[in-house]
Every structure is written in C-alpha cells, then in structure tokens.
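One structure is given here, and the rest of the page talks about it.
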Amino acid sequence: MSAVLLATAAAAAASDDNNPLANDPKAAKAGEYEFRINCALCHGLGARGGGRGPDLTRAHKRHAHSDAEMFQIINTGIPGTAMPANGTNGQGVGMTDEEVWQIIAYIRSLEMKAPAKPIGNASHGKELFYGDANCSLCHMTNGKGGRLGPELTSVGGTRTVEAIIDSVRNPSRRLAWGLTEPTKEFAQEYETITVVSADGKEIKGVAMNEDNFSVQMMDTSEQIHLLEKEKLRSFKKSRESMMPKYDATLLSDKDLNDIVAYLVSIGAK
C-alpha cells in the first residue's frame, strides 16, 4: 500500500472506527516494536501495565472503546494524565499514522477477555476494605475513605491483578525503584518524610509537593503541613512506604483476592 493510500485509509479509519491494519499479524509484529520504543516505559513490556501507565491487555479500557478512540488518544494524549501526545514524551520519535495503527493492531492482538470466574468475592472484599482489613483508613474509593494513600476507585480497571496484589504484599517496591506516577489517580510518589520542627516536634507523613525551599506534606492524621526547610531541625526522606507489608499472616490470600475482586468490580465501571 502506498504512503498516500495508507494516509487516506488511516484518515478514513479514524472517522469510521476501522483499523486498516486490523487482524494483520505482520502489522501487529511491527506494532510490538513500535510499542517497545514509544510506550513500554509507561505501559510495561507486553503492555501489562507499568509504574505510570495502565494494563492495555484488557478488552475493557477506561478511555478508549474503539480503534478510532485509541488512535485519537495515542496521537493527542489525555489531558490531566501522564499520557502524552504522540512524539512529546521524550521517548522514541513521533509516529506516523501507519505506525499508530500498527500499535493498535498489536494491542488488539494481546487483549484478553475478563475471566469467567472472578478472582474472589467482591461483596466480601468491600466489607474487608472498609472493615477488618483497614484499607479505608488510608485509601479512598468512590469518595469514601482516607487520603493518606492513593485513591483506588479506578485502580482495578487500570492495573493487573498481579500488580495490585504485589502492591499490598510489597508496598515499597515501586518507591524503591524510584518510579513516579504523575496522574490524577496517583498524584504523587507517596514518599515517606520525617521532619523535626524548630520547636522539636516530629512529624511523619507523605510528600505532596516539594521544592528547594519548602515541602508540603500530609501527616498520619491527614493534616496538611507547609514547611520551610531552613527552619527545620531535620528533614529525612525514605523510599520505605508508610503502608505496612500485608503478608499472609496479616491478610490471607483468600481475603486479599476478595479485596482485589472488589477493586476490579468498581474499576471496570
């Protein structure tokens, strides 16, 4: 197909929701190469989600329900999130329409339908989230819960089950890697900060905003503090999460699966 014909087909596809390279194994293979260069930094190898980007192997996607919508998102990005416009993220180079369609063909080739059997009991998971598991002390879903940790309403629709389980069992792993998550869902690193004020008071919490001269943090009581660094007796940052490791003695595999099932159920809406 000539470049002119392909450009015409791409433009038509963007308007009528038809990928001109759909179900083309060679296009999907080329798309895998393009994905590794331009997308894997955020979405992970194999498109199963990374530190910044969601899992794209799921048939249900939060922002794109059709090939045309996916084409538009890849080219123009999603305002207010970490998803940049084509060619503006500093990774790889700007992609042609053909290369974008190849990536879409690759993503479609990876998609998996939701399993027929849910991972756990979502109803019981909700009870645990707001009850005995104490998740809601720090995390919020659907406007209810704590603010010290990330808001989790959409996490079940953007992260793999394995990634959610790992974040509960090993909450410091991503912090240790130094990954930031500058999206609306994860607006900060949730790096642990401990300071001692001029009057000797120790405050421990998570970083919200920081520059060379000041730091804004939320303490364990969800109080916001704006502090001038030069007036502090000490200022320490740690990549050890304030969230404790929930091993099987604290939270059984069954109960954790139920909580994940709850998060997946609300994240898919």
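We name chains A, B, ... following the order of the structure tokens; residues begin at 1 in each chain, and ligands are numbered from 1 as shown.
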Closest contacts (segment 41-148 of chain A/segment 217-229 of chain A, max 12 Å, only C-alpha atoms) as a tab-separated table:
residue	atom	partner	partner_atom	distance
A:Leu137	CA	A:Thr220	CA	10.0
A:Cys138	CA	A:Thr220	CA	8.8
A:His139	CA	A:Glu222	CA	11.5
A:Gly145	CA	A:Glu222	CA	11.5
A:Gly146	CA	A:Glu222	CA	8.0
A:Arg147	CA	A:Glu222	CA	6.7
A:Leu148	CA	A:Glu222	CA	6.2
Mind writing the picked residues with C-alpha atoms as a PDB file, in the first residue's frame?
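Saved as out-v4.pdb:
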ATOM      1  CA  LEU A 137      -8.095   4.223  56.870  1.00  0.00           C
ATOM      2  CA  CYS A 138      -5.630   5.424  54.211  1.00  0.00           C
ATOM      3  CA  HIS A 139      -7.298   4.744  50.853  1.00  0.00           C
ATOM      4  CA  GLY A 145     -12.157   6.579  52.945  1.00  0.00           C
ATOM      5  CA  GLY A 146      -8.795   8.074  53.853  1.00  0.00           C
ATOM      6  CA  ARG A 147      -6.471  10.382  51.922  1.00  0.00           C
ATOM      7  CA  LEU A 148      -3.020   9.362  53.127  1.00  0.00           C
TER       8      LEU A 148
END
Point-to-point distance in Å for atom CA of Asn121 of chain A and atom CA of Ala261 of chain A |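 Separation between atom CA of Ala261 of chain A and atom CA of Asn121 of chain A: 6.2 Å.
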Report the distance between atom CA of Ala105 of chain A and atom CA of Leu263 of chain A in Å, rounded to one decimal place.
->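 Taking atom CA of Ala105 of chain A and atom CA of Leu263 of chain A, their separation equals 28.6 Å.
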Atom pair atom CA of Asp247 of chain A / atom CA of Ile165 of chain A: separation (Å) | 10.5 Å
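Here the strand (DSSP E or B) residues in segment 91-154 of chain A, by DSSP on the backbone, are Met112, Met140, Thr141, Lys144 and Gly145 of chain A.
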So which one's closest to Glu69 of chain A, A:Val260, A:Ile104, A:Ala82, A:Cys42? Using only C-alpha atoms, please.
->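 Of all the options, A:Ile104 lies closest to Glu69 of chain A.
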Within 12 Å of Asp166 of chain A, counting only C-alpha atoms, which residues qualify if same-chain residues fewer than 2 places away don't, as an mmCIF file with all heavy atoms, in the first residue's frame?
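Everything below was put into selection.cif:
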data_model
loop_
_atom_site.group_PDB
_atom_site.id
_atom_site.type_symbol
_atom_site.label_atom_id
_atom_site.label_comp_id
_atom_site.auth_asym_id
_atom_site.auth_seq_id
_atom_site.Cartn_x
_atom_site.Cartn_y
_atom_site.Cartn_z
ATOM 1 N N ARG A 159 -4.849 -1.518 36.508
ATOM 2 C CA ARG A 159 -3.706 -2.331 36.906
ATOM 3 C C ARG A 159 -4.071 -3.816 36.841
ATOM 4 O O ARG A 159 -5.222 -4.195 37.035
ATOM 5 C CB ARG A 159 -3.267 -1.991 38.337
ATOM 6 C CG ARG A 159 -2.756 -0.562 38.506
ATOM 7 C CD ARG A 159 -1.399 -0.381 37.822
ATOM 8 N NE ARG A 159 -0.833 0.920 38.106
ATOM 9 C CZ ARG A 159 -0.977 1.985 37.331
ATOM 10 N NH1 ARG A 159 -1.697 1.916 36.232
ATOM 11 N NH2 ARG A 159 -0.411 3.137 37.647
ATOM 12 N N THR A 160 -3.073 -4.646 36.601
ATOM 13 C CA THR A 160 -3.317 -6.076 36.598
ATOM 14 C C THR A 160 -3.593 -6.566 38.013
ATOM 15 O O THR A 160 -3.187 -5.928 38.994
ATOM 16 C CB THR A 160 -2.104 -6.849 36.044
ATOM 17 O OG1 THR A 160 -0.989 -6.630 36.906
ATOM 18 C CG2 THR A 160 -1.754 -6.383 34.633
ATOM 19 N N VAL A 161 -4.245 -7.700 38.107
ATOM 20 C CA VAL A 161 -4.489 -8.313 39.407
ATOM 21 C C VAL A 161 -3.166 -8.577 40.111
ATOM 22 O O VAL A 161 -3.013 -8.324 41.310
ATOM 23 C CB VAL A 161 -5.288 -9.625 39.236
ATOM 24 C CG1 VAL A 161 -5.291 -10.437 40.531
ATOM 25 C CG2 VAL A 161 -6.720 -9.316 38.802
ATOM 26 N N GLU A 162 -2.186 -9.047 39.354
ATOM 27 C CA GLU A 162 -0.875 -9.352 39.937
ATOM 28 C C GLU A 162 -0.220 -8.100 40.511
ATOM 29 O O GLU A 162 0.398 -8.138 41.575
ATOM 30 C CB GLU A 162 0.033 -9.981 38.877
ATOM 31 C CG GLU A 162 -0.402 -11.350 38.384
ATOM 32 C CD GLU A 162 -1.476 -11.283 37.314
ATOM 33 O OE1 GLU A 162 -1.837 -10.160 36.876
ATOM 34 O OE2 GLU A 162 -1.975 -12.354 36.933
ATOM 35 N N ALA A 163 -0.351 -6.969 39.805
ATOM 36 C CA ALA A 163 0.265 -5.728 40.273
ATOM 37 C C ALA A 163 -0.401 -5.230 41.548
ATOM 38 O O ALA A 163 0.267 -4.724 42.456
ATOM 39 C CB ALA A 163 0.170 -4.663 39.181
ATOM 40 N N ILE A 164 -1.729 -5.370 41.633
ATOM 41 C CA ILE A 164 -2.440 -4.933 42.843
ATOM 42 C C ILE A 164 -2.022 -5.789 44.031
ATOM 43 O O ILE A 164 -1.746 -5.278 45.123
ATOM 44 C CB ILE A 164 -3.961 -4.997 42.644
ATOM 45 C CG1 ILE A 164 -4.393 -4.047 41.516
ATOM 46 C CG2 ILE A 164 -4.686 -4.617 43.938
ATOM 47 C CD1 ILE A 164 -5.854 -4.185 41.137
ATOM 48 N N VAL A 168 0.200 -4.718 47.638
ATOM 49 C CA VAL A 168 -0.225 -4.975 49.014
ATOM 50 C C VAL A 168 0.836 -5.779 49.764
ATOM 51 O O VAL A 168 1.171 -5.479 50.909
ATOM 52 C CB VAL A 168 -1.576 -5.727 49.035
ATOM 53 C CG1 VAL A 168 -1.965 -6.098 50.469
ATOM 54 C CG2 VAL A 168 -2.669 -4.877 48.399
ATOM 55 N N ARG A 169 1.377 -6.775 49.094
ATOM 56 C CA ARG A 169 2.387 -7.627 49.729
ATOM 57 C C ARG A 169 3.747 -6.925 49.834
ATOM 58 O O ARG A 169 4.494 -7.153 50.788
ATOM 59 C CB ARG A 169 2.550 -8.924 48.938
ATOM 60 C CG ARG A 169 1.317 -9.832 48.854
ATOM 61 C CD ARG A 169 0.880 -10.313 50.206
ATOM 62 N NE ARG A 169 -0.096 -11.421 50.118
ATOM 63 C CZ ARG A 169 -0.969 -11.702 51.055
ATOM 64 N NH1 ARG A 169 -1.014 -10.964 52.173
ATOM 65 N NH2 ARG A 169 -1.811 -12.719 50.928
ATOM 66 N N ASN A 170 4.064 -6.065 48.847
ATOM 67 C CA ASN A 170 5.363 -5.390 48.819
ATOM 68 C C ASN A 170 5.165 -3.905 48.509
ATOM 69 O O ASN A 170 5.531 -3.428 47.429
ATOM 70 C CB ASN A 170 6.273 -6.023 47.756
ATOM 71 C CG ASN A 170 6.496 -7.499 47.984
ATOM 72 O OD1 ASN A 170 7.248 -7.879 48.867
ATOM 73 N ND2 ASN A 170 5.847 -8.331 47.173
ATOM 74 N N PRO A 171 4.600 -3.142 49.428
ATOM 75 C CA PRO A 171 4.221 -1.758 49.134
ATOM 76 C C PRO A 171 5.380 -0.810 48.839
ATOM 77 O O PRO A 171 5.169 0.246 48.246
ATOM 78 C CB PRO A 171 3.472 -1.322 50.390
ATOM 79 C CG PRO A 171 3.965 -2.226 51.469
ATOM 80 C CD PRO A 171 4.222 -3.529 50.806
ATOM 81 N N SER A 172 6.596 -1.173 49.224
ATOM 82 C CA SER A 172 7.736 -0.279 48.997
ATOM 83 C C SER A 172 8.444 -0.540 47.666
ATOM 84 O O SER A 172 9.353 0.212 47.295
ATOM 85 C CB SER A 172 8.758 -0.418 50.129
ATOM 86 O OG SER A 172 8.212 0.009 51.354
ATOM 87 N N ARG A 173 8.034 -1.574 46.951
ATOM 88 C CA ARG A 173 8.794 -1.971 45.760
ATOM 89 C C ARG A 173 8.910 -0.839 44.733
ATOM 90 O O ARG A 173 9.988 -0.505 44.258
ATOM 91 C CB ARG A 173 8.157 -3.197 45.109
ATOM 92 C CG ARG A 173 9.050 -3.816 44.021
ATOM 93 C CD ARG A 173 8.296 -4.846 43.212
ATOM 94 N NE ARG A 173 7.785 -5.934 44.009
ATOM 95 C CZ ARG A 173 8.489 -7.029 44.343
ATOM 96 N NH1 ARG A 173 9.748 -7.129 43.957
ATOM 97 N NH2 ARG A 173 7.947 -7.988 45.052
ATOM 98 N N ARG A 174 7.789 -0.214 44.379
ATOM 99 C CA ARG A 174 7.838 0.839 43.362
ATOM 100 C C ARG A 174 8.551 2.081 43.873
ATOM 101 O O ARG A 174 9.241 2.759 43.123
ATOM 102 C CB ARG A 174 6.426 1.194 42.897
ATOM 103 C CG ARG A 174 5.866 0.170 41.934
ATOM 104 C CD ARG A 174 4.507 0.556 41.428
ATOM 105 N NE ARG A 174 4.008 -0.444 40.508
ATOM 106 C CZ ARG A 174 2.769 -0.465 40.052
ATOM 107 N NH1 ARG A 174 1.914 0.464 40.438
ATOM 108 N NH2 ARG A 174 2.381 -1.406 39.216
ATOM 109 N N LYS A 245 3.699 -4.055 55.175
ATOM 110 C CA LYS A 245 3.600 -5.237 54.317
ATOM 111 C C LYS A 245 2.505 -6.146 54.845
ATOM 112 O O LYS A 245 2.571 -6.606 55.983
ATOM 113 C CB LYS A 245 4.929 -5.994 54.305
ATOM 114 C CG LYS A 245 6.030 -5.331 53.517
ATOM 115 C CD LYS A 245 7.257 -6.231 53.461
ATOM 116 C CE LYS A 245 8.352 -5.602 52.621
ATOM 117 N NZ LYS A 245 9.547 -6.483 52.541
ATOM 118 N N TYR A 246 1.514 -6.391 54.026
ATOM 119 C CA TYR A 246 0.431 -7.287 54.415
ATOM 120 C C TYR A 246 0.777 -8.699 53.947
ATOM 121 O O TYR A 246 0.382 -9.127 52.873
ATOM 122 C CB TYR A 246 -0.888 -6.822 53.813
ATOM 123 C CG TYR A 246 -1.531 -5.683 54.568
ATOM 124 C CD1 TYR A 246 -1.170 -4.360 54.319
ATOM 125 C CD2 TYR A 246 -2.495 -5.920 55.534
ATOM 126 C CE1 TYR A 246 -1.746 -3.316 55.018
ATOM 127 C CE2 TYR A 246 -3.082 -4.878 56.240
ATOM 128 C CZ TYR A 246 -2.703 -3.584 55.977
ATOM 129 O OH TYR A 246 -3.286 -2.554 56.671
ATOM 130 N N ASP A 247 1.548 -9.417 54.779
ATOM 131 C CA ASP A 247 1.847 -10.803 54.425
ATOM 132 C C ASP A 247 0.655 -11.683 54.789
ATOM 133 O O ASP A 247 -0.374 -11.201 55.286
ATOM 134 C CB ASP A 247 3.133 -11.284 55.098
ATOM 135 C CG ASP A 247 3.064 -11.220 56.620
ATOM 136 O OD1 ASP A 247 1.955 -11.288 57.184
ATOM 137 O OD2 ASP A 247 4.135 -11.103 57.259
ATOM 138 N N ASP A 253 -4.524 -15.039 51.632
ATOM 139 C CA ASP A 253 -4.657 -14.958 50.178
ATOM 140 C C ASP A 253 -6.124 -14.849 49.777
ATOM 141 O O ASP A 253 -6.464 -14.095 48.850
ATOM 142 C CB ASP A 253 -4.036 -16.193 49.522
ATOM 143 C CG ASP A 253 -2.508 -16.194 49.592
ATOM 144 O OD1 ASP A 253 -1.925 -15.106 49.816
ATOM 145 O OD2 ASP A 253 -1.906 -17.266 49.438
ATOM 146 N N LEU A 256 -7.354 -11.312 50.521
ATOM 147 C CA LEU A 256 -6.748 -10.375 49.585
ATOM 148 C C LEU A 256 -7.398 -10.507 48.208
ATOM 149 O O LEU A 256 -7.680 -9.502 47.549
ATOM 150 C CB LEU A 256 -5.242 -10.612 49.488
ATOM 151 C CG LEU A 256 -4.473 -9.726 48.499
ATOM 152 C CD1 LEU A 256 -4.751 -8.245 48.741
ATOM 153 C CD2 LEU A 256 -2.975 -10.017 48.576
ATOM 154 N N ASN A 257 -7.657 -11.725 47.775
ATOM 155 C CA ASN A 257 -8.341 -11.927 46.500
ATOM 156 C C ASN A 257 -9.727 -11.300 46.506
ATOM 157 O O ASN A 257 -10.182 -10.754 45.493
ATOM 158 C CB ASN A 257 -8.448 -13.422 46.182
ATOM 159 C CG ASN A 257 -7.124 -14.024 45.749
ATOM 160 O OD1 ASN A 257 -6.204 -13.304 45.371
ATOM 161 N ND2 ASN A 257 -7.033 -15.343 45.803
ATOM 162 N N VAL A 260 -9.232 -7.546 46.086
ATOM 163 C CA VAL A 260 -8.894 -7.257 44.688
ATOM 164 C C VAL A 260 -10.132 -7.388 43.805
ATOM 165 O O VAL A 260 -10.348 -6.572 42.896
ATOM 166 C CB VAL A 260 -7.769 -8.186 44.201
ATOM 167 C CG1 VAL A 260 -7.535 -8.000 42.704
ATOM 168 C CG2 VAL A 260 -6.473 -7.916 44.963
#
Could you please write out, as an mmCIF file with N, CA and C atoms, in the first residue's frame, every residue of segment 28-220 of chain A that DSSP assigns to alpha helix (DSSP H)?
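Generated output (states30.cif):
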data_model
loop_
_atom_site.group_PDB
_atom_site.id
_atom_site.type_symbol
_atom_site.label_atom_id
_atom_site.label_comp_id
_atom_site.auth_asym_id
_atom_site.auth_seq_id
_atom_site.Cartn_x
_atom_site.Cartn_y
_atom_site.Cartn_z
ATOM 1 N N ALA A 28 0.841 -6.314 13.483
ATOM 2 C CA ALA A 28 0.914 -6.461 14.941
ATOM 3 C C ALA A 28 2.356 -6.656 15.390
ATOM 4 N N LYS A 29 3.136 -7.406 14.611
ATOM 5 C CA LYS A 29 4.538 -7.617 14.953
ATOM 6 C C LYS A 29 5.313 -6.307 14.861
ATOM 7 N N ALA A 30 5.049 -5.528 13.831
ATOM 8 C CA ALA A 30 5.688 -4.218 13.710
ATOM 9 C C ALA A 30 5.240 -3.305 14.845
ATOM 10 N N GLY A 31 3.973 -3.435 15.227
ATOM 11 C CA GLY A 31 3.445 -2.639 16.325
ATOM 12 C C GLY A 31 4.116 -2.956 17.650
ATOM 13 N N GLU A 32 4.495 -4.217 17.843
ATOM 14 C CA GLU A 32 5.201 -4.588 19.065
ATOM 15 C C GLU A 32 6.531 -3.837 19.162
ATOM 16 N N TYR A 33 7.224 -3.713 18.043
ATOM 17 C CA TYR A 33 8.495 -2.984 18.018
ATOM 18 C C TYR A 33 8.266 -1.507 18.339
ATOM 19 N N GLU A 34 7.261 -0.911 17.712
ATOM 20 C CA GLU A 34 6.951 0.493 17.969
ATOM 21 C C GLU A 34 6.530 0.705 19.427
ATOM 22 N N PHE A 35 5.769 -0.248 19.954
ATOM 23 C CA PHE A 35 5.307 -0.154 21.342
ATOM 24 C C PHE A 35 6.493 -0.146 22.296
ATOM 25 N N ARG A 36 7.469 -1.012 22.054
ATOM 26 C CA ARG A 36 8.642 -1.081 22.933
ATOM 27 C C ARG A 36 9.392 0.254 22.965
ATOM 28 N N ILE A 37 9.467 0.913 21.818
ATOM 29 C CA ILE A 37 10.200 2.176 21.738
ATOM 30 C C ILE A 37 9.426 3.318 22.378
ATOM 31 N N ASN A 38 8.131 3.389 22.082
ATOM 32 C CA ASN A 38 7.343 4.578 22.417
ATOM 33 C C ASN A 38 6.418 4.440 23.624
ATOM 34 N N ALA A 40 6.409 1.356 26.089
ATOM 35 C CA ALA A 40 6.706 0.395 27.152
ATOM 36 C C ALA A 40 7.214 1.057 28.429
ATOM 37 N N LEU A 41 7.823 2.252 28.319
ATOM 38 C CA LEU A 41 8.321 2.915 29.520
ATOM 39 C C LEU A 41 7.206 3.083 30.541
ATOM 40 N N CYS A 42 6.004 3.421 30.086
ATOM 41 C CA CYS A 42 4.878 3.641 30.995
ATOM 42 C C CYS A 42 3.956 2.425 31.115
ATOM 43 N N HIS A 43 3.748 1.733 29.996
ATOM 44 C CA HIS A 43 2.772 0.638 29.991
ATOM 45 C C HIS A 43 3.403 -0.740 30.182
ATOM 46 N N ASP A 67 -11.189 1.432 18.041
ATOM 47 C CA ASP A 67 -9.890 1.693 17.433
ATOM 48 C C ASP A 67 -9.702 3.179 17.138
ATOM 49 N N ALA A 68 -10.780 3.840 16.688
ATOM 50 C CA ALA A 68 -10.693 5.268 16.378
ATOM 51 C C ALA A 68 -10.369 6.079 17.626
ATOM 52 N N GLU A 69 -10.988 5.735 18.752
ATOM 53 C CA GLU A 69 -10.705 6.439 20.005
ATOM 54 C C GLU A 69 -9.270 6.192 20.449
ATOM 55 N N MET A 70 -8.796 4.956 20.264
ATOM 56 C CA MET A 70 -7.419 4.651 20.637
ATOM 57 C C MET A 70 -6.444 5.418 19.749
ATOM 58 N N PHE A 71 -6.744 5.497 18.473
ATOM 59 C CA PHE A 71 -5.922 6.252 17.527
ATOM 60 C C PHE A 71 -5.825 7.713 17.957
ATOM 61 N N GLN A 72 -6.963 8.281 18.346
ATOM 62 C CA GLN A 72 -7.004 9.679 18.765
ATOM 63 C C GLN A 72 -6.198 9.901 20.042
ATOM 64 N N ILE A 73 -6.327 8.976 21.003
ATOM 65 C CA ILE A 73 -5.628 9.108 22.282
ATOM 66 C C ILE A 73 -4.116 9.018 22.097
ATOM 67 N N ILE A 74 -3.668 8.071 21.277
ATOM 68 C CA ILE A 74 -2.232 7.925 21.048
ATOM 69 C C ILE A 74 -1.664 9.190 20.407
ATOM 70 N N ASN A 75 -2.428 9.802 19.523
ATOM 71 C CA ASN A 75 -1.946 10.990 18.815
ATOM 72 C C ASN A 75 -2.030 12.263 19.638
ATOM 73 N N THR A 76 -3.069 12.415 20.440
ATOM 74 C CA THR A 76 -3.282 13.691 21.145
ATOM 75 C C THR A 76 -3.093 13.598 22.651
ATOM 76 N N ASP A 97 0.908 7.757 11.036
ATOM 77 C CA ASP A 97 -0.402 7.125 11.192
ATOM 78 C C ASP A 97 -0.292 5.611 11.063
ATOM 79 N N GLU A 98 0.525 5.151 10.121
ATOM 80 C CA GLU A 98 0.686 3.708 9.929
ATOM 81 C C GLU A 98 1.244 3.057 11.185
ATOM 82 N N GLU A 99 2.228 3.681 11.800
ATOM 83 C CA GLU A 99 2.836 3.106 12.995
ATOM 84 C C GLU A 99 1.861 3.107 14.168
ATOM 85 N N VAL A 100 1.016 4.132 14.272
ATOM 86 C CA VAL A 100 -0.004 4.146 15.323
ATOM 87 C C VAL A 100 -0.978 3.001 15.114
ATOM 88 N N TRP A 101 -1.410 2.795 13.875
ATOM 89 C CA TRP A 101 -2.331 1.683 13.607
ATOM 90 C C TRP A 101 -1.664 0.338 13.887
ATOM 91 N N GLN A 102 -0.359 0.244 13.636
ATOM 92 C CA GLN A 102 0.363 -0.994 13.944
ATOM 93 C C GLN A 102 0.346 -1.265 15.441
ATOM 94 N N ILE A 103 0.544 -0.204 16.236
ATOM 95 C CA ILE A 103 0.500 -0.367 17.686
ATOM 96 C C ILE A 103 -0.894 -0.821 18.125
ATOM 97 N N ILE A 104 -1.923 -0.251 17.534
ATOM 98 C CA ILE A 104 -3.294 -0.658 17.874
ATOM 99 C C ILE A 104 -3.522 -2.111 17.503
ATOM 100 N N ALA A 105 -3.003 -2.521 16.346
ATOM 101 C CA ALA A 105 -3.126 -3.928 15.944
ATOM 102 C C ALA A 105 -2.417 -4.830 16.951
ATOM 103 N N TYR A 106 -1.258 -4.380 17.441
ATOM 104 C CA TYR A 106 -0.515 -5.152 18.446
ATOM 105 C C TYR A 106 -1.302 -5.249 19.743
ATOM 106 N N ILE A 107 -1.838 -4.124 20.205
ATOM 107 C CA ILE A 107 -2.609 -4.126 21.450
ATOM 108 C C ILE A 107 -3.830 -5.040 21.318
ATOM 109 N N ARG A 108 -4.525 -4.960 20.203
ATOM 110 C CA ARG A 108 -5.703 -5.815 19.998
ATOM 111 C C ARG A 108 -5.313 -7.289 19.996
ATOM 112 N N SER A 109 -4.105 -7.599 19.502
ATOM 113 C CA SER A 109 -3.669 -8.999 19.470
ATOM 114 C C SER A 109 -3.382 -9.540 20.864
ATOM 115 N N LEU A 110 -3.170 -8.633 21.827
ATOM 116 C CA LEU A 110 -2.853 -9.047 23.192
ATOM 117 C C LEU A 110 -4.078 -9.141 24.091
ATOM 118 N N ALA A 122 -16.362 -10.131 45.602
ATOM 119 C CA ALA A 122 -16.271 -8.671 45.653
ATOM 120 C C ALA A 122 -17.062 -8.087 46.818
ATOM 121 N N SER A 123 -18.204 -8.686 47.126
ATOM 122 C CA SER A 123 -19.028 -8.183 48.226
ATOM 123 C C SER A 123 -18.289 -8.302 49.559
ATOM 124 N N HIS A 124 -17.667 -9.461 49.779
ATOM 125 C CA HIS A 124 -16.880 -9.649 50.997
ATOM 126 C C HIS A 124 -15.654 -8.754 50.985
ATOM 127 N N GLY A 125 -15.081 -8.551 49.794
ATOM 128 C CA GLY A 125 -13.916 -7.676 49.680
ATOM 129 C C GLY A 125 -14.224 -6.243 50.073
ATOM 130 N N LYS A 126 -15.423 -5.778 49.729
ATOM 131 C CA LYS A 126 -15.831 -4.427 50.128
ATOM 132 C C LYS A 126 -15.947 -4.333 51.648
ATOM 133 N N GLU A 127 -16.518 -5.366 52.260
ATOM 134 C CA GLU A 127 -16.636 -5.391 53.721
ATOM 135 C C GLU A 127 -15.252 -5.333 54.369
ATOM 136 N N LEU A 128 -14.303 -6.076 53.812
ATOM 137 C CA LEU A 128 -12.944 -6.072 54.352
ATOM 138 C C LEU A 128 -12.273 -4.719 54.145
ATOM 139 N N PHE A 129 -12.467 -4.132 52.962
ATOM 140 C CA PHE A 129 -11.832 -2.852 52.627
ATOM 141 C C PHE A 129 -12.223 -1.780 53.634
ATOM 142 N N VAL A 155 -8.249 1.856 40.175
ATOM 143 C CA VAL A 155 -7.058 1.015 40.059
ATOM 144 C C VAL A 155 -7.379 -0.370 39.504
ATOM 145 N N GLY A 156 -8.567 -0.902 39.830
ATOM 146 C CA GLY A 156 -8.928 -2.223 39.340
ATOM 147 C C GLY A 156 -9.182 -2.268 37.854
ATOM 148 N N GLY A 157 -9.370 -1.104 37.239
ATOM 149 C CA GLY A 157 -9.576 -1.050 35.797
ATOM 150 C C GLY A 157 -8.323 -0.705 35.034
ATOM 151 N N THR A 158 -7.250 -0.363 35.732
ATOM 152 C CA THR A 158 -6.020 0.058 35.060
ATOM 153 C C THR A 158 -4.807 -0.788 35.409
ATOM 154 N N VAL A 161 -4.245 -7.700 38.107
ATOM 155 C CA VAL A 161 -4.489 -8.313 39.407
ATOM 156 C C VAL A 161 -3.166 -8.577 40.111
ATOM 157 N N GLU A 162 -2.186 -9.047 39.354
ATOM 158 C CA GLU A 162 -0.875 -9.352 39.937
ATOM 159 C C GLU A 162 -0.220 -8.100 40.511
ATOM 160 N N ALA A 163 -0.351 -6.969 39.805
ATOM 161 C CA ALA A 163 0.265 -5.728 40.273
ATOM 162 C C ALA A 163 -0.401 -5.230 41.548
ATOM 163 N N ILE A 164 -1.729 -5.370 41.633
ATOM 164 C CA ILE A 164 -2.440 -4.933 42.843
ATOM 165 C C ILE A 164 -2.022 -5.789 44.031
ATOM 166 N N ILE A 165 -1.974 -7.094 43.829
ATOM 167 C CA ILE A 165 -1.568 -7.999 44.905
ATOM 168 C C ILE A 165 -0.145 -7.678 45.357
ATOM 169 N N ASP A 166 0.757 -7.432 44.401
ATOM 170 C CA ASP A 166 2.146 -7.127 44.747
ATOM 171 C C ASP A 166 2.247 -5.821 45.526
ATOM 172 N N SER A 167 1.400 -4.832 45.192
ATOM 173 C CA SER A 167 1.454 -3.550 45.898
ATOM 174 C C SER A 167 0.995 -3.680 47.345
ATOM 175 N N VAL A 168 0.200 -4.718 47.638
ATOM 176 C CA VAL A 168 -0.225 -4.975 49.014
ATOM 177 C C VAL A 168 0.836 -5.779 49.764
ATOM 178 N N ARG A 169 1.377 -6.775 49.094
ATOM 179 C CA ARG A 169 2.387 -7.627 49.729
ATOM 180 C C ARG A 169 3.747 -6.925 49.834
ATOM 181 N N ARG A 173 8.034 -1.574 46.951
ATOM 182 C CA ARG A 173 8.794 -1.971 45.760
ATOM 183 C C ARG A 173 8.910 -0.839 44.733
ATOM 184 N N ARG A 174 7.789 -0.214 44.379
ATOM 185 C CA ARG A 174 7.838 0.839 43.362
ATOM 186 C C ARG A 174 8.551 2.081 43.873
ATOM 187 N N LEU A 175 8.385 2.382 45.144
ATOM 188 C CA LEU A 175 9.115 3.515 45.712
ATOM 189 C C LEU A 175 10.620 3.258 45.656
ATOM 190 N N ALA A 176 11.010 2.026 45.920
ATOM 191 C CA ALA A 176 12.428 1.678 45.893
ATOM 192 C C ALA A 176 12.998 1.833 44.488
ATOM 193 N N TRP A 177 12.164 1.550 43.454
ATOM 194 C CA TRP A 177 12.607 1.724 42.072
ATOM 195 C C TRP A 177 12.683 3.195 41.686
#
Which neighbours of Ala133 of chain A fall inside 9 Å, counting only C-alpha atoms, when residues of the same chain fewer than 2 positions from it are skipped, and could you give them as a list in words?
->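 Close residues of Ala133 of chain A: Glu127, Leu128, Phe129, Tyr130, Gly131, Cys135, Ser136, Leu250, Leu251, Asp255 and Ile259 of chain A.
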May I have the selected residues written with N, CA and C atoms, as a CSV table (one decimal), in the first residue's frame?
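And here's out.csv as it stands now:
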chain,number,residue,atom,x,y,z
A,127,GLU,N,-16.5,-5.4,52.3
A,127,GLU,CA,-16.6,-5.4,53.7
A,127,GLU,C,-15.3,-5.3,54.4
A,128,LEU,N,-14.3,-6.1,53.8
A,128,LEU,CA,-12.9,-6.1,54.4
A,128,LEU,C,-12.3,-4.7,54.1
A,129,PHE,N,-12.5,-4.1,53.0
A,129,PHE,CA,-11.8,-2.9,52.6
A,129,PHE,C,-12.2,-1.8,53.6
A,130,TYR,N,-13.5,-1.7,54.0
A,130,TYR,CA,-14.0,-0.7,54.9
A,130,TYR,C,-14.1,-1.2,56.3
A,131,GLY,N,-13.6,-2.5,56.5
A,131,GLY,CA,-13.8,-3.1,57.9
A,131,GLY,C,-12.4,-3.6,58.4
A,135,CYS,N,-8.2,-1.0,55.1
A,135,CYS,CA,-7.7,-0.3,53.8
A,135,CYS,C,-8.2,1.1,53.8
A,136,SER,N,-9.5,1.3,54.2
A,136,SER,CA,-10.1,2.7,54.1
A,136,SER,C,-9.6,3.7,55.0
A,250,LEU,N,-1.1,-11.5,58.1
A,250,LEU,CA,-2.0,-10.3,58.4
A,250,LEU,C,-3.2,-10.3,57.5
A,251,LEU,N,-3.1,-10.8,56.3
A,251,LEU,CA,-4.2,-10.8,55.3
A,251,LEU,C,-4.0,-12.1,54.5
A,255,ASP,N,-8.7,-13.6,51.5
A,255,ASP,CA,-9.2,-12.2,51.8
A,255,ASP,C,-8.6,-11.2,50.9
A,259,ILE,N,-10.6,-8.6,48.3
A,259,ILE,CA,-10.4,-7.2,48.2
A,259,ILE,C,-10.1,-6.8,46.7
